[in-house]
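Asker: Enclosed is the structure file protein_6.csv (CSV, C-alpha atoms and all ligand atoms).
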chain,number,residue,atom,x,y,z
A,1,MET,CA,94.2,-31.8,14.3
A,2,LYS,CA,92.7,-32.9,17.6
A,3,LYS,CA,92.7,-31.7,21.2
A,4,ILE,CA,94.0,-34.3,23.5
A,5,PRO,CA,94.4,-34.4,27.3
A,6,PHE,CA,97.9,-34.5,28.7
A,7,TYR,CA,97.7,-38.1,29.8
A,8,GLU,CA,97.2,-39.2,26.2
A,9,LEU,CA,100.3,-37.4,24.9
A,10,LYS,CA,102.9,-39.8,23.5
A,11,PRO,CA,106.4,-39.3,22.3
A,12,GLY,CA,106.4,-38.9,18.5
A,13,GLN,CA,103.1,-36.9,18.3
A,14,ILE,CA,103.4,-33.6,16.5
A,15,VAL,CA,102.2,-30.4,18.2
A,16,ALA,CA,99.7,-28.6,16.0
A,17,GLU,CA,99.4,-25.3,17.9
A,18,ASP,CA,101.9,-23.3,20.0
A,19,VAL,CA,101.5,-24.2,23.7
A,20,PHE,CA,101.8,-21.2,26.0
A,21,LYS,CA,101.8,-20.9,29.7
A,22,GLU,CA,100.6,-17.3,30.3
A,23,SER,CA,102.8,-15.5,27.8
A,24,THR,CA,105.7,-17.9,27.8
A,25,LEU,CA,106.0,-20.2,24.8
A,26,LEU,CA,106.5,-23.7,26.2
A,27,ILE,CA,106.4,-25.9,23.0
A,28,PRO,CA,106.2,-24.4,19.5
A,29,LYS,CA,103.9,-25.7,16.8
A,30,GLY,CA,105.5,-28.5,14.8
A,31,THR,CA,107.5,-30.0,17.7
A,32,VAL,CA,107.8,-33.7,17.6
A,33,LEU,CA,107.1,-34.5,21.2
A,34,LYS,CA,109.8,-36.2,23.3
A,35,SER,CA,109.2,-37.7,26.8
A,36,SER,CA,110.9,-34.7,28.3
A,37,ASP,CA,108.5,-32.3,26.5
A,38,ILE,CA,105.5,-34.2,27.8
A,39,LYS,CA,106.9,-34.0,31.4
A,40,ARG,CA,107.5,-30.3,30.9
A,41,LEU,CA,103.9,-29.7,29.8
A,42,ARG,CA,102.7,-31.7,32.7
A,43,SER,CA,104.8,-29.9,35.2
A,44,HIS,CA,103.4,-26.6,33.9
A,45,GLY,CA,99.9,-27.9,34.4
A,46,ILE,CA,98.9,-28.0,30.7
A,47,LYS,CA,95.8,-30.1,30.5
A,48,ILE,CA,95.0,-30.1,26.7
A,49,VAL,CA,97.3,-30.0,23.7
A,50,ASN,CA,96.5,-29.8,20.0
A,51,VAL,CA,98.3,-32.4,18.0
A,52,TYR,CA,98.2,-33.4,14.4
A,53,ASP,CA,95.9,-36.3,13.6
A,54,GLU,CA,96.6,-37.3,10.1
A,55,ASN,CA,94.1,-40.0,9.5
A,56,ASP,CA,92.3,-40.7,12.7
A,57,PHE,CA,94.0,-44.1,12.7
A,58,ILE,CA,95.2,-44.0,16.3
A,59,GLU,CA,91.8,-43.2,17.6
A,60,LYS,CA,90.0,-46.0,15.7
A,61,LYS,CA,92.6,-48.5,16.9
A,62,ILE,CA,92.0,-47.5,20.5
A,63,GLU,CA,88.3,-48.0,20.2
A,64,GLU,CA,88.7,-51.4,18.7
A,65,LYS,CA,90.8,-52.5,21.7
A,66,ILE,CA,87.9,-52.8,24.1
A,67,SER,CA,84.8,-54.8,23.8
A,68,ILE,CA,81.8,-55.1,26.0
A,69,GLU,CA,81.1,-58.5,27.6
A,70,PHE,CA,77.4,-58.7,26.9
A,71,GLU,CA,76.1,-56.7,23.9
A,72,ASN,CA,72.4,-56.2,24.8
A,73,ILE,CA,72.9,-55.1,28.4
A,74,PRO,CA,74.0,-51.6,29.4
A,75,PRO,CA,77.7,-51.3,30.3
A,76,ILE,CA,78.9,-50.6,33.8
A,77,VAL,CA,80.0,-47.2,32.7
A,78,GLU,CA,79.7,-45.3,29.4
A,79,GLU,CA,82.1,-46.6,26.8
A,80,GLU,CA,83.6,-43.2,26.3
A,81,THR,CA,84.5,-42.9,30.0
A,82,TYR,CA,85.9,-46.4,30.1
A,83,ASN,CA,88.0,-45.7,27.0
A,84,GLU,CA,89.4,-42.6,28.7
A,85,TRP,CA,90.3,-44.6,31.8
A,86,HIS,CA,91.8,-47.3,29.6
A,87,GLN,CA,94.1,-44.7,27.8
A,88,HIS,CA,94.9,-43.0,31.1
A,89,PHE,CA,96.0,-46.3,32.5
A,90,GLU,CA,98.8,-46.5,29.9
A,91,PHE,CA,100.5,-43.6,31.8
A,92,VAL,CA,99.6,-44.9,35.3
A,93,LYS,CA,101.3,-48.3,34.6
A,94,ASP,CA,104.4,-46.5,33.3
A,95,ILE,CA,106.8,-46.7,36.2
A,96,THR,CA,108.9,-43.8,35.0
A,97,TYR,CA,106.0,-41.4,35.3
A,98,LEU,CA,104.9,-42.9,38.6
A,99,LYS,CA,108.4,-42.3,40.0
A,100,ASP,CA,108.3,-38.6,39.1
A,101,ASP,CA,104.8,-37.7,39.8
A,102,PRO,CA,101.9,-39.8,41.0
A,103,SER,CA,99.3,-37.3,40.1
A,104,GLU,CA,98.0,-39.4,37.2
A,105,LEU,CA,97.4,-42.3,39.5
A,106,ASP,CA,95.7,-39.9,41.9
A,107,SER,CA,93.4,-38.5,39.2
A,108,LEU,CA,92.5,-41.9,37.6
A,109,ALA,CA,91.8,-43.4,41.0
A,110,GLU,CA,89.5,-40.5,41.9
A,111,ASP,CA,87.7,-40.7,38.6
A,112,ILE,CA,86.9,-44.3,39.1
A,113,TYR,CA,85.9,-44.4,42.7
A,114,LYS,CA,83.7,-41.3,42.4
A,115,LYS,CA,81.6,-43.1,39.9
A,116,PHE,CA,80.9,-45.8,42.4
A,117,LEU,CA,80.7,-44.0,45.7
A,118,LYS,CA,76.9,-44.6,45.9
A,119,THR,CA,76.0,-47.6,43.9
A,120,GLU,CA,72.4,-48.8,43.9
A,121,ASP,CA,71.5,-51.2,41.2
A,122,VAL,CA,74.5,-53.0,39.8
A,123,VAL,CA,74.6,-54.2,36.2
A,124,LEU,CA,78.0,-55.8,36.1
A,125,ASN,CA,78.6,-55.7,32.4
A,126,LEU,CA,82.3,-55.1,32.0
A,127,PHE,CA,84.6,-54.2,29.1
A,128,HIS,CA,87.6,-56.4,28.2
A,129,ALA,CA,90.5,-56.0,26.0
A,130,ILE,CA,92.9,-58.6,24.6
A,131,GLY,CA,96.7,-58.7,24.1
A,132,ASN,CA,98.9,-56.0,25.6
A,133,GLU,CA,95.9,-53.9,26.5
A,134,ALA,CA,94.3,-56.6,28.6
A,135,LEU,CA,96.0,-55.6,31.8
A,136,ASN,CA,94.5,-52.2,31.5
A,137,SER,CA,91.0,-53.5,31.5
A,138,HIS,CA,91.7,-56.1,34.2
A,139,SER,CA,93.1,-53.4,36.5
A,140,ILE,CA,90.2,-51.1,35.9
A,141,ASN,CA,87.6,-53.9,36.3
A,142,THR,CA,89.2,-55.0,39.5
A,143,SER,CA,89.0,-51.4,40.7
A,144,ILE,CA,85.3,-51.2,39.7
A,145,ILE,CA,84.3,-54.3,41.5
A,146,ALA,CA,86.3,-53.4,44.6
A,147,SER,CA,84.7,-49.9,44.6
A,148,ILE,CA,81.2,-51.4,44.4
A,149,ILE,CA,81.9,-53.6,47.4
A,150,ALA,CA,83.4,-50.6,49.3
A,151,SER,CA,80.3,-48.5,48.4
A,152,LYS,CA,78.1,-51.1,50.0
A,153,LEU,CA,80.1,-50.9,53.2
A,154,ASN,CA,79.9,-47.0,53.2
A,155,MET,CA,83.7,-46.7,53.4
A,156,PRO,CA,85.1,-43.2,53.7
A,157,ASP,CA,86.6,-41.6,50.6
A,158,VAL,CA,90.1,-42.1,51.8
A,159,PHE,CA,89.6,-45.8,51.9
A,160,PHE,CA,88.2,-45.8,48.3
A,161,ASP,CA,91.3,-43.9,47.2
A,162,SER,CA,93.7,-46.4,48.6
A,163,LEU,CA,91.6,-49.4,47.5
A,164,VAL,CA,91.4,-48.2,43.9
A,165,LYS,CA,95.1,-47.4,43.7
A,166,THR,CA,95.9,-50.8,45.0
A,167,CYS,CA,93.6,-52.4,42.4
A,168,LEU,CA,95.0,-50.3,39.6
A,169,LEU,CA,98.6,-51.3,40.4
A,170,HIS,CA,98.1,-54.8,41.8
A,171,ASP,CA,99.4,-56.6,38.7
A,172,ILE,CA,102.0,-53.9,37.6
A,173,GLY,CA,104.6,-56.7,38.2
A,174,TYR,CA,103.4,-58.4,35.0
A,175,SER,CA,103.9,-55.2,33.1
A,176,LEU,CA,107.4,-54.9,34.6
A,177,ILE,CA,108.4,-58.4,33.6
A,178,GLY,CA,106.6,-58.3,30.3
A,179,LYS,CA,104.7,-61.5,30.8
A,180,ARG,CA,101.3,-62.3,32.4
A,181,VAL,CA,99.4,-65.2,33.9
A,182,ILE,CA,95.8,-64.0,33.4
A,183,PHE,CA,94.2,-66.1,36.2
A,184,ASP,CA,96.8,-66.2,38.9
A,185,TYR,CA,94.8,-67.7,41.8
A,186,ILE,CA,95.6,-71.4,41.5
A,187,ASP,CA,99.2,-72.1,40.8
A,188,LEU,CA,101.1,-70.0,43.3
A,189,GLU,CA,104.3,-71.9,42.5
A,190,ASP,CA,104.3,-70.7,39.0
A,191,VAL,CA,107.5,-68.7,38.4
A,192,THR,CA,105.7,-65.8,36.5
A,193,VAL,CA,103.1,-65.5,39.3
A,194,ARG,CA,105.8,-65.3,41.9
A,195,SER,CA,107.9,-62.9,39.9
A,196,HIS,CA,105.0,-60.4,39.5
A,197,ILE,CA,104.9,-60.0,43.2
A,198,VAL,CA,108.7,-59.8,43.7
A,199,SER,CA,109.2,-57.3,40.8
A,200,ALA,CA,106.3,-55.1,42.0
A,201,TYR,CA,107.7,-55.0,45.5
A,202,GLU,CA,111.3,-54.4,44.4
A,203,THR,CA,110.2,-51.5,42.2
A,204,LEU,CA,107.4,-49.9,44.2
A,205,LYS,CA,109.3,-49.9,47.6
A,206,ASN,CA,111.6,-47.3,46.1
A,207,ILE,CA,108.7,-45.0,45.3
A,208,GLN,CA,106.7,-45.8,48.4
A,209,LYS,CA,106.6,-42.2,49.5
A,210,ASN,CA,104.9,-41.3,46.3
A,211,ILE,CA,102.1,-43.9,46.4
A,212,GLY,CA,101.8,-44.8,50.1
A,213,LYS,CA,103.2,-47.7,52.1
A,214,GLU,CA,99.9,-49.4,52.8
A,215,ILE,CA,99.4,-49.6,49.0
A,216,VAL,CA,102.8,-51.1,48.4
A,217,ASP,CA,102.3,-53.6,51.2
A,218,ALA,CA,98.8,-54.5,49.8
A,219,ILE,CA,100.2,-55.1,46.3
A,220,SER,CA,103.0,-57.2,47.7
A,221,THR,CA,100.5,-59.4,49.6
A,222,HIS,CA,97.7,-59.7,47.1
A,223,HIS,CA,98.2,-63.4,46.7
A,224,GLU,CA,98.1,-64.2,50.4
A,225,ARG,CA,95.1,-66.5,51.2
A,226,TYR,CA,92.5,-66.2,53.9
A,227,ASP,CA,93.4,-69.6,55.3
A,228,GLY,CA,97.1,-68.8,55.5
A,229,THR,CA,98.3,-70.9,52.5
A,230,GLY,CA,99.2,-68.0,50.3
A,231,ILE,CA,102.4,-66.8,48.6
A,232,PHE,CA,105.5,-65.9,50.6
A,233,MET,CA,104.3,-64.4,53.8
A,234,ARG,CA,101.5,-66.9,54.7
A,235,LEU,CA,99.4,-64.2,56.3
A,236,LYS,CA,96.1,-65.3,57.6
A,237,GLU,CA,92.6,-63.8,58.0
A,238,ASN,CA,92.6,-60.3,59.4
A,239,ALA,CA,96.4,-60.1,59.2
A,240,ILE,CA,95.8,-59.6,55.5
A,241,SER,CA,94.9,-56.0,54.7
A,242,PRO,CA,91.2,-55.3,54.0
A,243,LEU,CA,92.5,-53.6,50.8
A,244,VAL,CA,93.7,-57.0,49.7
A,245,ARG,CA,90.7,-59.0,50.8
A,246,ILE,CA,88.4,-56.7,48.9
A,247,LEU,CA,90.7,-56.5,45.9
A,248,GLN,CA,90.8,-60.3,45.6
A,249,ILE,CA,87.1,-60.5,44.9
A,250,GLY,CA,87.3,-58.2,41.9
A,251,ASP,CA,90.6,-59.6,40.8
A,252,ALA,CA,89.6,-63.3,40.8
A,253,TYR,CA,86.1,-62.6,39.4
A,254,ASP,CA,87.3,-60.5,36.5
A,255,SER,CA,90.3,-62.7,35.6
A,256,TYR,CA,88.3,-65.9,35.8
A,257,ILE,CA,85.9,-64.5,33.2
A,258,GLU,CA,88.9,-63.3,31.2
A,259,ILE,CA,90.1,-66.9,30.7
A,260,GLY,CA,86.7,-67.8,29.2
A,261,ASN,CA,84.4,-68.7,32.1
A,262,SER,CA,80.9,-67.3,32.6
A,263,PRO,CA,79.9,-64.9,35.3
A,264,TYR,CA,78.0,-67.7,37.0
A,265,ASP,CA,81.2,-69.8,37.1
A,266,ALA,CA,83.2,-66.9,38.4
A,267,MET,CA,80.7,-66.4,41.2
A,268,SER,CA,80.7,-70.1,41.9
A,269,PHE,CA,84.5,-70.0,42.2
A,270,LEU,CA,84.3,-67.2,44.8
A,271,LEU,CA,81.8,-69.2,46.8
A,272,ARG,CA,83.8,-72.4,46.5
A,273,TYR,CA,86.9,-70.8,47.8
A,274,SER,CA,85.2,-68.6,50.4
A,275,GLY,CA,87.1,-69.0,53.7
A,276,LEU,CA,90.0,-70.6,51.8
A,277,ILE,CA,91.3,-68.0,49.4
A,278,PHE,CA,88.8,-65.3,50.0
A,279,ASP,CA,87.4,-63.6,53.1
A,280,PRO,CA,83.9,-65.0,53.5
A,281,TYR,CA,82.6,-61.6,54.6
A,282,TYR,CA,83.6,-59.8,51.4
A,283,VAL,CA,82.4,-62.7,49.3
A,284,SER,CA,79.0,-62.4,51.0
A,285,ILE,CA,78.9,-58.7,50.4
A,286,PHE,CA,79.6,-59.2,46.7
A,287,PHE,CA,77.1,-62.0,46.6
A,288,SER,CA,74.5,-59.7,48.1
A,289,ILE,CA,75.2,-57.1,45.4
A,290,VAL,CA,75.1,-59.3,42.3
A,291,GLY,CA,73.4,-62.5,43.4
A,292,LEU,CA,74.0,-66.1,42.5
A,293,TYR,CA,73.5,-65.4,38.8
A,294,PRO,CA,75.5,-62.3,37.9
A,295,THR,CA,74.8,-60.1,34.9
A,296,GLY,CA,75.2,-61.9,31.7
A,297,SER,CA,74.6,-65.4,33.0
A,298,GLN,CA,72.8,-67.5,30.3
A,299,VAL,CA,70.0,-69.6,31.8
A,300,ILE,CA,67.1,-71.8,30.9
A,301,LEU,CA,63.9,-71.0,32.7
A,302,ASN,CA,61.4,-73.5,33.9
A,303,ASN,CA,59.2,-72.8,30.8
A,304,GLY,CA,62.1,-74.1,28.7
A,305,LYS,CA,63.1,-70.7,27.3
A,306,LYS,CA,66.6,-69.3,27.1
A,307,ALA,CA,67.2,-66.0,29.0
A,308,THR,CA,70.0,-63.7,30.0
A,309,VAL,CA,70.4,-62.3,33.5
A,310,ILE,CA,70.3,-58.5,33.5
A,311,LYS,CA,70.7,-57.9,37.2
A,312,LYS,CA,69.9,-59.2,40.7
A,313,GLY,CA,66.3,-59.3,41.7
A,314,LYS,CA,64.8,-58.9,45.2
A,315,THR,CA,66.7,-62.0,46.3
A,316,SER,CA,70.0,-63.6,45.3
A,317,SER,CA,68.3,-66.6,43.5
A,318,PHE,CA,65.7,-64.8,41.5
A,319,PRO,CA,67.3,-62.4,39.1
A,320,ILE,CA,65.8,-60.1,36.6
A,321,VAL,CA,66.2,-61.6,33.1
A,322,GLU,CA,65.7,-60.7,29.5
A,323,CYS,CA,63.7,-63.3,27.6
A,324,ASP,CA,62.4,-62.9,24.0
A,325,GLY,CA,62.9,-59.1,24.3
A,326,GLU,CA,61.0,-58.9,27.5
A,327,THR,CA,62.3,-58.0,31.0
A,328,ILE,CA,61.0,-60.5,33.5
A,329,GLU,CA,61.5,-60.7,37.3
A,330,THR,CA,61.8,-64.4,38.1
A,331,GLY,CA,60.3,-65.6,41.4
A,332,MET,CA,57.0,-66.5,43.0
A,333,GLU,CA,55.0,-63.8,41.4
A,334,THR,CA,55.7,-64.7,37.8
A,335,GLY,CA,56.2,-68.4,38.5
A,336,LEU,CA,59.4,-68.3,36.5
A,337,PHE,CA,62.5,-69.8,37.8
A,338,ILE,CA,66.0,-70.7,36.7
A,339,ARG,CA,66.1,-74.4,35.8
A,340,GLU,CA,69.6,-74.5,34.4
A,341,VAL,CA,72.7,-72.3,33.9
A,342,LEU,CA,74.4,-72.6,30.5
A,343,LYS,CA,78.1,-72.8,30.0
A,344,LYS,CA,79.6,-70.0,28.0
A,345,GLY,CA,78.8,-70.3,24.3
A,346,GLU,CA,76.1,-72.9,24.8
A,401,FE,FE,98.2,-61.0,40.7
A,402,FE,FE,95.0,-59.5,38.8
Before anything else, please render the file you have as structure tokens.

Answerer:
Amino acid sequence: MKKIPFYELKPGQIVAEDVFKESTLLIPKGTVLKSSDIKRLRSHGIKIVNVYDENDFIEKKIEEKISIEFENIPPIVEEETYNEWHQHFEFVKDITYLKDDPSELDSLAEDIYKKFLKTEDVVLNLFHAIGNEALNSHSINTSIIASIIASKLNMPDVFFDSLVKTCLLHDIGYSLIGKRVIFDYIDLEDVTVRSHIVSAYETLKNIQKNIGKEIVDAISTHHERYDGTGIFMRLKENAISPLVRILQIGDAYDSYIEIGNSPYDAMSFLLRYSGLIFDPYYVSIFFSIVGLYPTGSQVILNNGKKATVIKKGKTSSFPIVECDGETIETGMETGLFIREVLKKGE
């Protein structure tokens, strides 16, 4: 038996203890949960339910789904928290729930942005998942990076809220059509890329009052480009919502890594397309947070040794690295510099 939060409840699970609201029995022990039971529990504000857990199989499977990008560097958030977000997102991306009640989107967005309201030192070591779960990680990682940028700008809470919701739902179109282009920043003519925008708009516009018009508009325009060469509307510069312009930094960075590139290459991509795809202002904010060599970049120092970047140092070009088990600040004082950046797997 295990206690699980309402957002993890799934049809088919078996209730292990009677669920009461005050003295009314809502669901008796032994009930095999149906979607309507789960909705009923949620509508009565039941937060935790005991369900049978025969062999712990489900839990183990969930843990195996996510993996940290760089083993020896601390993760951006505790694995347990990330896992919870990951599972919670299963509900958020389910349009039938979103249609009825957006409170799960509200609570997941709040959980995420509250972690990053005041971010000082950023160690951008993200988790990723593969297969059907990959969209969960990508949506959460995009939210994390966007939150870090917004925190640097001291945005009000209400902006964080809209931003994270936009990030969480930005690629929901892929989940609706059951197909995904992981890195969707180059070929805007691709039919799947175009479809994920259209299907998201067609679906979300009907529930606009639940999630907010500015969020639906931002999702529908998240492949506009700063220079006006984007998809469908061809919006330009400030005509593109700041929600989109911030989202795009996290979105492109995370998905470029997801297709096998290094963090250094992902940062280089943002810099190369700054002013073309991306708003240079937000690129520069992100650059000022993580530097030229983001966390996890593999480098060769001028003493010939291999090192891994842990985080940004005092300036963008001189990061703090880990080399032979030691933490070293590159720069004038130590006389150590980055001579070369290695490709992933080198
Ligand atoms: Fe997209
Ligand atoms: Fe995306």

Asker: Between atom CA of Ala129 of chain A and atom CA of Tyr293 of chain A, what distance in Å does the model show, to one decimal?

Answerer: 23.3 Å

Asker: Could you list, as a PyMOL selection string, every residue within 7 Å of segment 142-156 of chain A, counting all atoms listed in the file and ignoring same-chain residues fewer than 4 positions away?

Answerer: chain A and resi 113+116-119+138+160+164+167-168+246-247+250-251+254+285-286

Asker: How would you write, as a list in words, the set of residues no farther than 8 Å from ligand FE 401 (chain A) when counting all atoms listed in the file?

Answerer: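 Going residue by residue within 8 Å of ligand FE 401 (chain A), we get His170, Asp171, Phe183, Asp184, Tyr185, Val193, His196, Ile197, His222, His223 and Asp251 of chain A.
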
Asker: If I take atom CA of Ile259 of chain A and atom CA of Ile182 of chain A, how far is one from the other in Å, to one decimal?

Answerer: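 Separation between atom CA of Ile259 of chain A and atom CA of Ile182 of chain A: 6.9 Å.
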
Asker: If I put a ball of radius 10 Å at (85.4, -63.6, 29.6) in the file's coordinates, which residues poke into it when counting all atoms listed in the file, written as a list in words?

Answerer: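 Residues satisfying the cut-off, written out: Ile68, Glu69, Phe70, Leu126, Phe127, His128, Ala129, Tyr253, Asp254, Ser255, Tyr256, Ile257, Glu258, Ile259, Gly260, Asn261, Ser262, Pro263, Ala266 and Lys344 of chain A.
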
Asker: Taking only C-alpha atoms into account, which of A:Lys343, A:Lys99, A:His44, A:Lys314 comes nearest Asp265 of chain A?

Answerer: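 Among A:Lys343, A:Lys99, A:His44, A:Lys314, it is A:Lys343 that comes nearest to Asp265 of chain A.
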
Asker: Got a minute to add N, CA and C atoms to segment 21-40 of chain A and dump it as a compact mmCIF listing (two decimals), in the coordinates of the input?

Answerer:
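Result saved to part05.txt:
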# COMPACT_ATOMS: atom_id res chain seq x y z
N LYS A 21 102.22 -21.00 28.33
CA LYS A 21 101.80 -20.90 29.70
C LYS A 21 101.89 -19.39 30.02
N GLU A 22 100.71 -18.79 30.25
CA GLU A 22 100.60 -17.30 30.30
C GLU A 22 101.23 -16.79 29.00
N SER A 23 102.28 -15.96 29.08
CA SER A 23 102.80 -15.50 27.80
C SER A 23 104.10 -16.17 27.36
N THR A 24 104.47 -17.23 28.13
CA THR A 24 105.70 -17.90 27.80
C THR A 24 105.40 -19.09 26.81
N LEU A 25 106.15 -19.14 25.72
CA LEU A 25 106.00 -20.20 24.80
C LEU A 25 106.69 -21.48 25.33
N LEU A 26 105.90 -22.50 25.62
CA LEU A 26 106.50 -23.70 26.20
C LEU A 26 106.99 -24.65 25.06
N ILE A 27 106.08 -24.93 24.13
CA ILE A 27 106.40 -25.90 23.00
C ILE A 27 105.86 -25.24 21.74
N PRO A 28 106.71 -24.98 20.75
CA PRO A 28 106.20 -24.40 19.50
C PRO A 28 105.50 -25.43 18.60
N LYS A 29 104.62 -24.91 17.79
CA LYS A 29 103.90 -25.70 16.80
C LYS A 29 104.96 -26.48 15.94
N GLY A 30 104.65 -27.72 15.63
CA GLY A 30 105.50 -28.50 14.80
C GLY A 30 106.53 -29.35 15.54
N THR A 31 106.59 -29.16 16.89
CA THR A 31 107.50 -30.00 17.70
C THR A 31 107.10 -31.43 17.69
N VAL A 32 108.06 -32.31 17.44
CA VAL A 32 107.80 -33.70 17.60
C VAL A 32 108.05 -34.04 19.08
N LEU A 33 107.01 -34.42 19.78
CA LEU A 33 107.10 -34.50 21.20
C LEU A 33 108.10 -35.62 21.68
N LYS A 34 108.92 -35.26 22.66
CA LYS A 34 109.80 -36.20 23.30
C LYS A 34 109.23 -36.41 24.75
N SER A 35 109.66 -37.47 25.44
CA SER A 35 109.20 -37.70 26.80
C SER A 35 109.44 -36.46 27.68
N SER A 36 110.60 -35.83 27.47
CA SER A 36 110.90 -34.70 28.30
C SER A 36 109.97 -33.51 28.04
N ASP A 37 109.50 -33.36 26.76
CA ASP A 37 108.50 -32.30 26.50
C ASP A 37 107.20 -32.58 27.20
N ILE A 38 106.82 -33.86 27.20
CA ILE A 38 105.50 -34.20 27.80
C ILE A 38 105.62 -33.94 29.34
N LYS A 39 106.76 -34.30 29.92
CA LYS A 39 106.90 -34.00 31.40
C LYS A 39 106.88 -32.53 31.61
N ARG A 40 107.49 -31.76 30.72
CA ARG A 40 107.50 -30.30 30.90
C ARG A 40 106.11 -29.74 30.85
